[in-house]
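This is run_22.txt (compact mmCIF, C-alpha atoms).
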```txt
# COMPACT_ATOMS: atom_id res chain seq x y z
CA PRO A 8 3.61 3.87 -5.79
CA GLY A 9 2.65 7.33 -4.61
CA LEU A 10 1.67 9.43 -1.64
CA PHE A 11 -1.52 11.10 -2.86
CA GLY A 12 -5.04 9.90 -3.52
CA TYR A 13 -8.10 11.76 -4.76
CA VAL A 14 -11.84 11.15 -4.61
CA VAL A 15 -13.39 12.68 -7.72
CA GLY A 16 -16.95 13.21 -8.87
CA ALA A 17 -17.85 10.78 -11.66
CA GLU A 18 -20.01 13.37 -13.42
CA THR A 19 -17.52 16.26 -13.52
CA GLY A 20 -14.11 14.92 -12.53
CA ALA A 21 -13.91 17.55 -9.80
CA VAL A 22 -11.78 16.62 -6.78
CA ARG A 23 -14.06 16.18 -3.76
CA HIS A 24 -11.60 14.85 -1.20
CA THR A 25 -7.88 14.28 -0.79
CA LEU A 26 -6.79 11.08 0.95
CA ASP A 27 -3.94 12.05 3.25
CA LEU A 28 -1.74 9.09 4.13
CA PRO A 29 -0.15 8.65 7.54
CA ASP A 30 3.62 8.49 7.79
CA ALA A 31 5.40 5.34 6.57
CA ARG A 32 2.69 4.44 4.04
CA HIS A 33 2.40 4.72 0.27
CA TYR A 34 -0.25 3.67 -2.20
CA TYR A 35 -0.07 0.72 -4.59
CA GLY A 36 -2.74 2.09 -6.89
CA HIS A 37 -6.09 0.32 -6.36
CA ALA A 38 -9.09 0.80 -4.09
CA ALA A 39 -12.58 -0.59 -3.46
CA PHE A 40 -15.70 0.50 -1.62
CA SER A 41 -17.59 -1.63 0.86
CA ALA A 42 -20.93 -2.98 -0.35
CA ASP A 43 -22.89 -0.20 1.38
CA GLY A 44 -20.49 2.50 0.20
CA GLY A 45 -19.66 3.48 3.76
CA LEU A 46 -15.97 2.57 3.68
CA LEU A 47 -13.19 2.87 1.14
CA TYR A 48 -10.23 0.45 1.18
CA THR A 49 -6.89 1.34 -0.42
CA THR A 50 -3.92 -0.96 -1.07
CA GLU A 51 -0.78 0.33 0.65
CA ASN A 52 2.79 -0.44 1.63
CA ALA A 53 3.55 -0.17 5.36
CA PHE A 54 7.25 0.35 4.72
CA ASP A 55 8.11 0.86 8.39
CA ALA A 56 7.33 -2.84 8.90
CA ASP A 57 7.71 -4.30 5.36
CA ARG A 58 4.11 -5.48 5.19
CA GLY A 59 1.03 -4.79 3.12
CA VAL A 60 -2.12 -3.13 4.47
CA LEU A 61 -5.54 -1.97 3.39
CA GLY A 62 -6.15 1.59 4.50
CA VAL A 63 -9.74 2.09 5.73
CA TRP A 64 -11.50 5.43 5.14
CA ASP A 65 -14.91 6.57 6.47
CA VAL A 66 -16.87 8.00 3.54
CA ALA A 67 -19.65 9.78 5.51
CA ALA A 68 -17.08 11.51 7.71
CA GLY A 69 -15.40 13.02 4.66
CA TYR A 70 -12.94 10.20 3.99
CA VAL A 71 -11.35 10.27 7.40
CA ARG A 72 -8.91 7.42 7.91
CA VAL A 73 -10.27 5.09 10.58
CA GLY A 74 -7.86 2.17 10.53
CA GLU A 75 -6.09 -0.42 8.44
CA ILE A 76 -6.14 -4.16 7.83
CA ASP A 77 -3.06 -6.33 7.37
CA SER A 78 -3.27 -7.69 3.80
CA ALA A 79 -1.73 -11.09 4.67
CA GLY A 80 1.16 -10.49 2.33
CA ILE A 81 3.68 -8.04 0.91
CA GLY A 82 2.88 -5.65 -1.91
CA PRO A 83 -0.93 -5.66 -2.15
CA HIS A 84 -1.79 -4.34 -5.59
CA GLU A 85 -5.46 -4.75 -6.46
CA VAL A 86 -8.35 -5.08 -4.01
CA ARG A 87 -11.69 -6.16 -5.46
CA ARG A 88 -15.06 -6.49 -3.73
CA ALA A 89 -17.11 -9.58 -4.57
CA ALA A 90 -20.66 -8.72 -5.60
CA GLU A 91 -22.18 -11.84 -4.06
CA ASP A 92 -21.01 -11.58 -0.45
CA GLY A 93 -19.19 -8.25 -0.17
CA ALA A 94 -15.87 -9.89 0.70
CA LEU A 95 -12.67 -8.13 -0.31
CA TRP A 96 -10.10 -10.00 -2.40
CA VAL A 97 -6.51 -8.78 -2.29
CA ALA A 98 -3.75 -9.73 -4.74
CA ASN A 99 -0.46 -9.46 -2.84
CA GLY A 100 2.37 -9.25 -5.36
CA GLY A 101 4.95 -10.45 -2.85
CA ILE A 102 7.59 -7.93 -3.97
CA LEU A 103 9.24 -5.81 -1.28
CA THR A 104 10.03 -2.19 -2.12
CA ARG A 105 10.83 0.89 -0.05
CA PRO A 106 10.68 4.60 -0.91
CA ASP A 107 14.39 5.08 -0.23
CA SER A 108 15.27 2.51 -2.89
CA GLY A 109 12.70 3.52 -5.50
CA ARG A 110 11.36 0.69 -7.66
CA ILE A 111 14.20 -1.69 -6.84
CA LYS A 112 12.79 -5.12 -5.97
CA LEU A 113 14.44 -6.16 -2.72
CA ASN A 114 13.34 -9.75 -2.12
CA LEU A 115 13.03 -11.63 -5.42
CA PRO A 116 14.81 -14.78 -4.16
CA SER A 117 12.36 -15.11 -1.29
CA MET A 118 9.21 -13.39 -2.59
CA GLU A 119 5.92 -15.07 -1.72
CA PRO A 120 2.84 -13.76 -3.54
CA THR A 121 -0.52 -14.49 -1.92
CA LEU A 122 -4.21 -14.10 -2.61
CA ALA A 123 -6.12 -13.06 0.51
CA ARG A 124 -9.77 -12.57 1.47
CA VAL A 125 -11.37 -10.22 4.00
CA PRO A 126 -14.99 -11.14 4.86
CA ALA A 127 -17.53 -8.34 4.49
CA GLY A 128 -17.18 -6.06 7.50
CA GLY A 129 -14.17 -8.05 8.71
CA THR A 130 -10.92 -6.76 10.10
CA THR A 131 -8.64 -9.68 9.26
CA ALA A 132 -7.38 -10.96 5.91
CA GLN A 133 -6.88 -14.67 5.44
CA ARG A 134 -4.62 -16.23 2.84
CA VAL A 135 -6.57 -18.26 0.31
CA LEU A 136 -3.90 -19.04 -2.28
CA VAL A 137 -0.13 -19.46 -2.16
CA LEU A 138 1.45 -20.90 -5.29
CA PRO A 139 3.78 -23.92 -5.30
CA SER A 140 7.38 -23.07 -4.42
CA ASP A 141 8.60 -23.47 -8.01
CA LEU A 142 6.21 -20.68 -9.05
CA HIS A 143 6.92 -18.32 -6.15
CA LYS A 144 8.18 -15.63 -8.56
CA LEU A 145 4.72 -15.26 -10.14
CA SER A 146 3.68 -11.92 -8.64
CA MET A 147 -0.09 -11.76 -8.12
CA ARG A 148 -1.25 -8.34 -9.31
CA HIS A 149 -4.89 -8.21 -10.40
CA VAL A 150 -8.01 -10.10 -9.42
CA ALA A 151 -11.52 -10.70 -10.76
CA VAL A 152 -14.40 -12.45 -9.01
CA HIS A 153 -17.49 -14.22 -10.33
CA ARG A 154 -19.55 -15.99 -7.68
CA SER A 155 -17.38 -18.83 -6.35
CA THR A 156 -14.55 -18.44 -8.87
CA VAL A 157 -11.64 -16.03 -8.50
CA ALA A 158 -9.16 -15.20 -11.25
CA VAL A 159 -5.68 -13.83 -10.55
CA ALA A 160 -3.46 -12.17 -13.17
CA MET A 161 0.28 -12.46 -12.59
CA GLN A 162 3.67 -11.12 -13.66
CA TYR A 163 6.76 -13.34 -13.60
CA GLU A 164 10.02 -12.24 -11.99
CA GLY A 165 12.06 -15.28 -13.00
CA PRO A 166 14.28 -16.05 -16.00
CA GLU A 167 13.05 -14.64 -19.31
CA SER A 168 13.41 -18.04 -20.95
CA ASP A 169 10.83 -19.69 -18.67
CA ILE A 170 7.31 -20.33 -19.96
CA VAL A 171 4.91 -20.04 -17.04
CA PRO A 172 1.13 -19.70 -16.63
CA LEU A 173 0.08 -16.08 -16.08
CA VAL A 174 -3.54 -16.54 -14.96
CA ALA A 175 -4.80 -18.75 -12.13
CA LEU A 176 -8.34 -19.69 -11.06
CA THR A 177 -9.26 -20.63 -7.51
CA ASP A 178 -12.20 -20.55 -5.10
CA PRO A 179 -12.92 -18.99 -1.67
CA HIS A 180 -12.03 -22.26 0.06
CA GLY A 181 -8.44 -22.26 -1.13
CA GLY A 182 -8.65 -25.25 -3.43
CA ALA A 183 -5.72 -26.16 -5.65
CA PRO A 184 -5.39 -23.46 -8.33
CA ARG A 185 -6.11 -24.13 -11.96
CA LEU A 186 -3.31 -22.58 -14.00
CA LEU A 187 -4.28 -21.34 -17.46
CA ASP A 188 -1.77 -21.92 -20.25
CA LEU A 189 -1.16 -20.03 -23.48
CA PRO A 190 -0.09 -21.54 -26.79
CA GLU A 191 3.71 -21.53 -26.87
CA ILE A 192 4.05 -18.75 -29.43
CA LEU A 193 1.82 -16.44 -27.39
CA ALA A 194 3.53 -17.42 -24.15
CA MET A 195 6.85 -16.40 -25.67
CA ARG A 196 5.37 -13.11 -26.90
CA SER A 197 3.79 -12.29 -23.53
CA ARG A 198 7.11 -11.39 -21.91
CA GLN A 199 5.67 -13.05 -18.81
CA TYR A 200 3.41 -10.11 -18.03
CA THR A 201 -0.36 -9.88 -17.56
CA GLY A 202 -1.95 -6.48 -17.03
CA ASP A 203 -5.65 -6.97 -16.27
CA VAL A 204 -8.23 -9.73 -15.91
CA ALA A 205 -12.05 -10.06 -16.07
CA PHE A 206 -14.91 -12.54 -16.37
CA ASP A 207 -17.72 -12.29 -18.87
CA PRO A 208 -21.19 -11.76 -17.31
CA SER A 209 -21.92 -15.50 -17.21
CA GLY A 210 -18.61 -16.42 -15.56
CA ALA A 211 -17.99 -19.01 -18.28
CA VAL A 212 -15.10 -17.14 -19.89
CA VAL A 213 -12.10 -15.37 -18.36
CA GLY A 214 -10.04 -12.87 -20.32
CA ALA A 215 -6.75 -11.09 -19.70
CA GLY A 216 -4.80 -8.23 -21.23
CA LEU A 217 -1.12 -8.84 -22.03
CA PRO A 218 0.18 -5.41 -23.02
CA ARG A 219 3.83 -6.34 -23.46
CA GLY A 220 2.81 -9.11 -25.84
CA GLY A 221 0.27 -6.93 -27.64
CA PHE A 222 -2.79 -9.15 -27.28
CA PHE A 223 -5.76 -10.21 -25.16
CA ALA A 224 -6.30 -13.90 -24.33
CA PHE A 225 -9.45 -15.83 -23.41
CA TRP A 226 -10.06 -19.19 -21.71
CA SER A 227 -12.97 -21.38 -20.65
CA ALA A 228 -13.39 -20.99 -16.89
CA ALA A 229 -14.83 -24.49 -16.60
CA ASP A 230 -11.90 -26.48 -17.99
CA GLY A 231 -9.15 -23.92 -18.64
CA ARG A 232 -9.24 -24.46 -22.39
CA PHE A 233 -7.69 -21.65 -24.45
CA LEU A 234 -10.36 -20.08 -26.67
CA GLY A 235 -8.42 -17.54 -28.67
CA SER A 236 -6.77 -14.14 -28.69
CA VAL A 237 -7.18 -10.61 -30.04
CA GLU A 238 -4.26 -8.59 -31.40
CA ALA A 239 -3.99 -5.25 -29.59
CA PRO A 240 -0.76 -3.23 -29.30
CA ASP A 241 -0.39 -2.14 -25.65
CA GLY A 242 -3.71 -3.86 -24.93
CA CYS A 243 -4.17 -3.98 -21.17
CA ALA A 244 -7.60 -2.93 -19.89
CA ILE A 245 -10.41 -5.48 -19.97
CA ALA A 246 -13.86 -5.30 -18.35
CA THR A 247 -17.04 -7.37 -18.22
CA GLY A 248 -19.35 -6.79 -21.17
CA THR A 249 -23.12 -6.72 -21.38
CA ALA A 250 -23.95 -10.32 -22.39
CA ALA A 251 -22.60 -13.85 -22.08
CA GLY A 252 -19.17 -14.18 -23.64
CA ARG A 253 -18.79 -10.41 -24.04
CA PHE A 254 -15.96 -8.15 -22.91
CA VAL A 255 -14.86 -4.56 -23.42
CA ILE A 256 -11.16 -3.94 -24.06
CA SER A 257 -8.97 -0.93 -24.76
CA THR A 258 -5.42 -0.18 -25.84
CA GLY A 259 -2.79 2.37 -24.89
CA THR A 260 -2.48 3.50 -28.50
CA GLY A 261 -4.93 4.79 -31.04
CA GLY A 262 -7.83 5.60 -28.72
CA ARG A 263 -9.72 2.42 -29.63
CA VAL A 264 -12.29 0.43 -27.66
CA GLY A 265 -12.96 -3.18 -28.58
CA HIS A 266 -16.13 -5.21 -28.05
CA VAL A 267 -15.18 -8.88 -27.82
CA SER A 268 -17.27 -12.00 -28.25
CA ALA A 269 -15.45 -15.02 -26.79
CA GLU A 270 -17.16 -18.38 -27.13
CA ALA A 271 -16.30 -22.03 -27.67
CA ALA A 272 -16.28 -21.43 -31.42
CA GLY A 273 -13.61 -18.75 -31.11
CA VAL A 274 -13.00 -15.08 -30.42
CA ALA A 275 -14.04 -12.05 -32.47
CA VAL A 276 -13.61 -8.33 -31.87
CA ARG A 277 -15.28 -5.19 -33.20
CA TRP A 278 -13.22 -2.03 -32.75
CA THR A 279 -14.66 1.45 -32.32
CA ARG A 280 -12.72 4.68 -32.05
CA ALA A 281 -13.01 7.18 -29.22
CA PRO A 282 -12.01 10.38 -31.05
CA ALA A 283 -11.70 12.57 -27.98
CA ILE A 284 -9.22 10.27 -26.27
CA ALA A 285 -5.66 9.78 -27.47
CA ALA A 286 -4.75 6.81 -25.28
CA PHE A 287 -6.10 4.64 -22.47
CA ASP A 288 -4.22 3.57 -19.37
CA ASN A 289 -4.21 0.18 -17.65
CA HIS A 290 -7.83 -0.28 -16.56
CA LEU A 291 -11.40 0.61 -17.44
CA MET A 292 -14.90 0.15 -16.04
CA ALA A 293 -17.76 -0.77 -18.32
```
With the file now loaded, output its structure as structure tokens.
Amino acid sequence: PGLFGYVVGAETGAVRHTLDLPDARHYYGHAAFSADGGLLYTTENAFDADRGVLGVWDVAAGYVRVGEIDSAGIGPHEVRRAAEDGALWVANGGILTRPDSGRIKLNLPSMEPTLARVPAGGTTAQRVLVLPSDLHKLSMRHVAVHRSTVAVAMQYEGPESDIVPLVALTDPHGGAPRLLDLPEILAMRSRQYTGDVAFDPSGAVVGAGLPRGGFFAFWSAADGRFLGSVEAPDGCAIATGTAAGRFVISTGTGGRVGHVSAEAAGVAVRWTRAPAIAAFDNHLMA
């Protein structure tokens, strides 16, 4: 969480605009543009009211703040725009924090993560997914969208001995989620933490980075079947590749980029080194 945001030029990295937050707001770290590029939406904590919001910024006016949308939950982390209909998907982690208490999590016994959707051009978020009560400590953090399927990556705030699913699939109509399981040995290694999630270009495969476990995992989106994993110390960032079954991954150590092929027959990776970069952070775009 922080109080500053920058708009930078993709070609040069030069700062073009500074996003000045109003009082009683701080950022949660993700943003998305509207389909026409006219608006920018940022995930924020409205800590004067203990609620999550999307800040709305007018691009043509020089990123002037023009309003905000209630995120239909607490702790909105990632917002992602769907390519097909321009709707915004928001993963509300459900964890209450305040600046005066730092990163202390204030509501774990009662936390309620939610996945919400804002129609293109809309001003209201609607809850699409709330997990069963016995899984209410699965904090929804990241989201990926492929046509009518939505993937949510989660982080568990319950007992360390529990084995819980860390990725869920749902649809825009709020159908019962499909929870994706890991083999027990990988579930134990995961430390109940998923860092990023993506679909392959066909939407047939979903992949996730599990940096605390040191691997990436892949499943069939159709039936939830586990396809395989790739060893990757501090491996978090995953993005859609260029062909069916393909992904791009990176790690926080060694400056490596991986090109993954994940299919019914199994998972393979080809690593390349990026010599000018010492380490990658949590996300990438490919």
For Asn99 of chain A, find every residue with an atom within 9 Å (counting only C-alpha atoms), except residues of its own chain fewer than 4 positions away, and show them as a list in words.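 My reading of the contact set: Gly59, Ser78, Ala79, Gly80, Ile81, Gly82, Pro83, His84, Glu85, Glu119, Pro120, Thr121, Leu122, Ala123, Ser146, Met147, Arg148 and His149 of chain A.
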So, with only C-alpha atoms as the atoms that count, which of A:Val63, A:Ile256, A:Ala244, A:Ala251 lies closest to Asp288 of chain A? A:Ala244
Please check which residues have atoms at most 10 Å from (-5.6, -7.7, -19.8) in the file's coordinates, counting all atoms listed in the file, and write them as number ranges by chain. A: 149, 160, 200-205, 214-218, 221-225, 241-246, 256-258, 289-290
Measure the distance from atom CA of Ile76 of chain A to atom CA of Thr247 of chain A in Å and round it to one decimal.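 Result for atom CA of Ile76 of chain A versus atom CA of Thr247 of chain A: 28.4 Å, one decimal.
Going from atom CA of Met161 of chain A to atom CA of Ala175 of chain A covers 8.1 Å.
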Coordinates-based distance that separates atom CA of Ala89 of chain A from atom CA of Val152 of chain A (Å, one decimal):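 Here the two named atoms are 5.9 Å from each other.
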Quick one: of A:Val135, A:Val86, A:Leu145, A:Val150, who's nearest to Gly101 of chain A, counting all atoms listed in the file? A:Leu145
Quick one: everything within 9 Å of segment 22-38 of chain A, counting only C-alpha atoms, minus sequence neighbours fewer than 5 positions away in the same chain. Send it as a compact mmCIF listing (two decimals) with C-alpha atoms, keeping the file's coordinate frame.
```
# COMPACT_ATOMS: atom_id res chain seq x y z
CA PRO A 8 3.61 3.87 -5.79
CA GLY A 9 2.65 7.33 -4.61
CA LEU A 10 1.67 9.43 -1.64
CA PHE A 11 -1.52 11.10 -2.86
CA GLY A 12 -5.04 9.90 -3.52
CA TYR A 13 -8.10 11.76 -4.76
CA VAL A 14 -11.84 11.15 -4.61
CA VAL A 15 -13.39 12.68 -7.72
CA GLY A 16 -16.95 13.21 -8.87
CA LEU A 47 -13.19 2.87 1.14
CA TYR A 48 -10.23 0.45 1.18
CA THR A 49 -6.89 1.34 -0.42
CA THR A 50 -3.92 -0.96 -1.07
CA GLU A 51 -0.78 0.33 0.65
CA ASN A 52 2.79 -0.44 1.63
CA ALA A 53 3.55 -0.17 5.36
CA PHE A 54 7.25 0.35 4.72
CA ASP A 55 8.11 0.86 8.39
CA ALA A 56 7.33 -2.84 8.90
CA VAL A 60 -2.12 -3.13 4.47
CA LEU A 61 -5.54 -1.97 3.39
CA GLY A 62 -6.15 1.59 4.50
CA TRP A 64 -11.50 5.43 5.14
CA GLY A 69 -15.40 13.02 4.66
CA TYR A 70 -12.94 10.20 3.99
CA VAL A 71 -11.35 10.27 7.40
CA ARG A 72 -8.91 7.42 7.91
CA GLY A 82 2.88 -5.65 -1.91
CA PRO A 83 -0.93 -5.66 -2.15
CA HIS A 84 -1.79 -4.34 -5.59
CA GLU A 85 -5.46 -4.75 -6.46
CA VAL A 86 -8.35 -5.08 -4.01
CA ARG A 87 -11.69 -6.16 -5.46
CA PRO A 106 10.68 4.60 -0.91
```
Around the point (-3.9, 3.4, -30.1) (coordinates from the file), which residues reach within 9 Å if we count all atoms listed in the file? Answer as a count of residues only. 14
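Among the candidate residues A:Leu95, A:Val73, A:Val237, A:Val157, the one lying nearest to Val174 of chain A is A:Val157, with distances computed using only C-alpha atoms.
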Could you name the residues that touch Ser227 of chain A at 8 Å or less, counting all atoms listed in the file, but leaving out those on the same chain fewer than 5 positions away, as a list in words?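 The filter keeps Ala211, Val212, Val213, Arg232, Phe233, Leu234 and Ala271 of chain A.
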A:Lys112, A:Pro190, A:Gly100, A:Glu238 ranked by distance to Gln162 of chain A, top pick (using all atoms listed in the file):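 The shortest atom-to-atom distance to Gln162 of chain A comes from A:Gly100.
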What's around Glu91 of chain A at 10 Å? Count only C-alpha atoms, leave out sequence neighbours fewer than 2 positions away in its own chain, and write the answer as number ranges by chain. A: 42, 88-89, 93-94, 152-155
Given the choices A:Val255, A:Ala183, A:Met292, A:Leu103, which gets closest to Ala275 of chain A if the distance is worked out from only C-alpha atoms? A:Val255
Give me the residues near Asp169 of chain A as a list of chain:residue names, where near means some atom within 10 Å (using all atoms listed in the file) and where sequence neighbours in that chain fewer than 6 positions away do not count.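 Final neighbour list, sorted by chain and number: A:Tyr163, A:Ala194, A:Met195, A:Arg198, A:Gln199.
Distances from A:Gly45, A:Gly165, A:Gly231, A:Gly210 to Asp188 of chain A were compared using all atoms listed in the file, and the smallest one belongs to A:Gly231.
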